[in-house]
Amino acid sequence: MLNEAWLVAAAAVVFGLAGWVKGMVGLGLPTVSMALLALFMPPAQAAALLLLPSLVTNVVQMRPVNTLPWLLNRLGGMQLGIVAGTLGGMAIWGGVGGLPGARMALGLALVVYGFWGLCGPQCLVPQRHQAWSGLVVGFVTGGITALTGVFVVPAVAFLQSLGLARQALMQAMGLCFTVSTVALGLGMWWFGKEGAVSGGLGLGLVVSGLMLIPALAGMHWGEVLREKLSPVRFKKVLMGSLMVLGVYMLF
């Protein structure tokens, strides 16, 4: 009991920090939480805790509702790719953490994501190539999601290459993250029947629901601070920290 209480308390701190990061820069809750939770629990268990906090905070980020139809029309193929890649990846690998080396893969995803955030070129994808490339990027993102529980690579890089306005970019990230979370949850539920991720679902939706409190509180204070601090500078610090943590997890 004491050990379980310690795990819940540690997870609450992680989700508070991850929510704060998401409030500041519009992303990072799954990346930060999966990276830190993986330090003291199996990836599948961490992914199970992540489901509700990730879903709710991403739905909040999808506002305003009146522009969603336009966004879905433009990014519909990408969302199909995310679902197919996630479910297909979980069918092949047996769920998050089901493949040996998944922890190293998470570290690699963090290093690539952090390096791109710091040094990646700001290029734009021509509109005539956005439909098919979005489908491919979505499929790759889904595969990485199935393997590591992190669904920002390479989706965020692609979204930033579309030339979207700031608010549209934030909403697009919320849409992709929401679809990824739902696909991951469906995959964990389905393949959990075969015992592939039973350890990840052990804490149940109740504990995942409890993690909403620190996640939403952290997100609120992150949004407050975002109005006062430079999100660009903070994002550089965040990306650098993720690279260091990713290298640690790799080696």
# chains A, B, ... in the order shown; residues from 1 in each chain; ligands from 1
$ residues_around --residues "stretch 168-178 of chain A" --least-positions-apart "2" --cutoff "10 Å" --atoms "only C-alpha atoms" --output "PyMOL selection string"
chain A and resi 25-27+30+51+54-65+67-68+71-72+74-76+78-79+82+138+141+150-152+155-156+159-160+162-166+180-184
$ write_last_selection --atoms "N, CA and C atoms" --output "short mmCIF file (atom, residue, chain, number, x, y, z; two decimals), in the first residue's frame"
data_model
loop_
_atom_site.label_atom_id
_atom_site.label_comp_id
_atom_site.auth_asym_id
_atom_site.auth_seq_id
_atom_site.Cartn_x
_atom_site.Cartn_y
_atom_site.Cartn_z
N VAL A 25 3.51 25.85 -23.81
CA VAL A 25 3.91 25.76 -25.22
C VAL A 25 2.90 25.03 -26.09
N GLY A 26 1.79 24.53 -25.52
CA GLY A 26 0.75 23.89 -26.32
C GLY A 26 0.97 22.41 -26.58
N LEU A 27 2.05 21.85 -26.10
CA LEU A 27 2.33 20.43 -26.27
C LEU A 27 3.26 19.98 -25.13
N PRO A 30 2.14 14.46 -22.94
CA PRO A 30 2.49 13.03 -23.05
C PRO A 30 3.99 12.80 -23.09
N LEU A 51 -3.88 8.23 -20.25
CA LEU A 51 -5.03 8.29 -21.15
C LEU A 51 -5.97 9.46 -20.86
N SER A 54 -4.33 13.14 -20.84
CA SER A 54 -3.98 13.52 -22.20
C SER A 54 -5.22 13.84 -23.01
N LEU A 55 -6.24 12.99 -22.92
CA LEU A 55 -7.45 13.18 -23.70
C LEU A 55 -8.16 14.49 -23.34
N VAL A 56 -8.34 14.73 -22.06
CA VAL A 56 -9.09 15.92 -21.62
C VAL A 56 -8.34 17.20 -21.97
N THR A 57 -7.04 17.25 -21.70
CA THR A 57 -6.28 18.47 -22.01
C THR A 57 -6.21 18.71 -23.51
N ASN A 58 -6.18 17.65 -24.30
CA ASN A 58 -6.15 17.82 -25.75
C ASN A 58 -7.49 18.29 -26.29
N VAL A 59 -8.59 17.78 -25.72
CA VAL A 59 -9.92 18.25 -26.12
C VAL A 59 -10.08 19.74 -25.82
N VAL A 60 -9.58 20.16 -24.67
CA VAL A 60 -9.62 21.58 -24.33
C VAL A 60 -8.84 22.39 -25.36
N GLN A 61 -7.74 21.85 -25.83
CA GLN A 61 -6.89 22.55 -26.80
C GLN A 61 -7.53 22.62 -28.19
N MET A 62 -8.54 21.80 -28.46
CA MET A 62 -9.17 21.77 -29.78
C MET A 62 -10.11 22.95 -30.02
N ARG A 63 -10.34 23.78 -29.04
CA ARG A 63 -11.18 24.95 -29.25
C ARG A 63 -10.52 25.92 -30.23
N PRO A 64 -11.32 26.74 -30.97
CA PRO A 64 -12.78 26.84 -30.98
C PRO A 64 -13.42 25.79 -31.90
N VAL A 65 -14.63 25.38 -31.54
CA VAL A 65 -15.31 24.30 -32.25
C VAL A 65 -15.69 24.71 -33.67
N THR A 67 -14.20 26.14 -36.01
CA THR A 67 -13.18 25.99 -37.05
C THR A 67 -12.74 24.53 -37.22
N LEU A 68 -13.29 23.63 -36.43
CA LEU A 68 -12.90 22.23 -36.51
C LEU A 68 -13.23 21.57 -37.86
N LEU A 71 -10.55 22.31 -40.31
CA LEU A 71 -9.31 21.64 -39.94
C LEU A 71 -9.38 20.14 -40.25
N LEU A 72 -10.53 19.53 -39.96
CA LEU A 72 -10.70 18.10 -40.26
C LEU A 72 -10.63 17.84 -41.76
N ARG A 74 -8.88 19.46 -43.88
CA ARG A 74 -7.49 19.61 -44.32
C ARG A 74 -6.59 18.50 -43.79
N LEU A 75 -6.86 18.02 -42.58
CA LEU A 75 -5.98 17.05 -41.93
C LEU A 75 -6.64 15.68 -41.75
N GLY A 76 -7.72 15.42 -42.48
CA GLY A 76 -8.42 14.15 -42.32
C GLY A 76 -7.55 12.94 -42.64
N MET A 78 -4.35 12.65 -42.42
CA MET A 78 -3.35 12.48 -41.36
C MET A 78 -3.95 11.74 -40.17
N GLN A 79 -5.20 12.05 -39.85
CA GLN A 79 -5.86 11.39 -38.71
C GLN A 79 -6.09 9.90 -39.00
N ILE A 82 -2.83 8.17 -38.48
CA ILE A 82 -2.52 8.01 -37.06
C ILE A 82 -3.23 6.80 -36.48
N GLY A 138 1.16 10.70 -40.52
CA GLY A 138 0.24 10.17 -39.53
C GLY A 138 0.49 8.71 -39.23
N THR A 141 3.69 8.43 -37.20
CA THR A 141 3.40 8.90 -35.84
C THR A 141 2.64 7.84 -35.06
N VAL A 150 4.35 7.95 -27.07
CA VAL A 150 4.59 9.37 -27.37
C VAL A 150 4.11 9.64 -28.79
N PHE A 151 3.25 10.66 -28.98
CA PHE A 151 2.68 10.90 -30.30
C PHE A 151 2.91 12.31 -30.82
N VAL A 152 4.11 12.81 -30.62
CA VAL A 152 4.44 14.14 -31.13
C VAL A 152 5.43 14.08 -32.29
N ALA A 155 4.64 14.24 -36.02
CA ALA A 155 3.42 14.98 -36.30
C ALA A 155 3.58 16.49 -36.14
N VAL A 156 4.20 16.92 -35.03
CA VAL A 156 4.31 18.35 -34.77
C VAL A 156 5.19 19.03 -35.82
N LEU A 159 3.03 19.53 -38.88
CA LEU A 159 2.04 20.58 -38.70
C LEU A 159 2.67 21.96 -38.80
N GLN A 160 3.87 22.10 -38.25
CA GLN A 160 4.54 23.39 -38.31
C GLN A 160 5.02 23.72 -39.72
N LEU A 162 3.15 23.40 -42.33
CA LEU A 162 1.98 23.73 -43.15
C LEU A 162 1.71 25.23 -43.23
N GLY A 163 2.45 26.01 -42.44
CA GLY A 163 2.26 27.45 -42.47
C GLY A 163 0.99 27.92 -41.80
N LEU A 164 0.50 27.16 -40.83
CA LEU A 164 -0.72 27.53 -40.12
C LEU A 164 -0.49 28.72 -39.20
N ALA A 165 -1.52 29.53 -39.00
CA ALA A 165 -1.45 30.60 -38.02
C ALA A 165 -1.32 30.00 -36.63
N ARG A 166 -0.86 30.78 -35.67
CA ARG A 166 -0.57 30.26 -34.33
C ARG A 166 -1.76 29.53 -33.72
N SER A 180 -4.75 10.56 -31.48
CA SER A 180 -3.72 9.61 -31.05
C SER A 180 -4.07 8.99 -29.71
N THR A 181 -4.58 9.80 -28.79
CA THR A 181 -4.94 9.29 -27.47
C THR A 181 -6.08 8.28 -27.56
N VAL A 182 -7.10 8.60 -28.36
CA VAL A 182 -8.22 7.68 -28.51
C VAL A 182 -7.76 6.37 -29.17
N ALA A 183 -6.92 6.48 -30.20
CA ALA A 183 -6.42 5.28 -30.88
C ALA A 183 -5.58 4.44 -29.93
N LEU A 184 -4.75 5.08 -29.13
CA LEU A 184 -3.92 4.36 -28.17
C LEU A 184 -4.79 3.67 -27.12
#
$ closest_atom_pairs --of "stretch 34-112 of chain A" --to "stretch 239-246 of chain A" --cutoff "7 Å" --atoms "only C-alpha atoms" --output "Markdown table"
| residue | atom | partner | partner_atom | distance |
| --- | --- | --- | --- | --- |
| A:Gly107 | CA | A:Gly246 | CA | 3.9 |
| A:Leu108 | CA | A:Gly246 | CA | 6.1 |
| A:Leu110 | CA | A:Gly246 | CA | 5.0 |
| A:Val111 | CA | A:Met243 | CA | 4.5 |
$ select_by_dssp --residues "stretch 91-250 of chain A" --states "alpha helix (DSSP H)" --output "MDAnalysis selection string"
chainID A and resid 91:93 102:119 130:148 155:160 166:192 204:210 212:226 231:250
$ closest_residue --among "A:Glu227, A:Gly19, A:Leu29, A:Phe40" --to "A:Trp6" --atoms "only C-alpha atoms"
A:Phe40
$ closest_residue --among "A:Val13, A:Leu147, A:Ser161, A:Pro154" --to "A:Pro126" --atoms "only C-alpha atoms"
A:Ser161
$ closest_residue --among "A:Leu17, A:Met90, A:Met24, A:Met41" --to "A:Arg226" --atoms "only C-alpha atoms"
A:Met24
$ closest_residue --among "A:Met249, A:Val153, A:Ala48, A:Val224" --to "A:Gly28" --atoms "only C-alpha atoms"
A:Val153
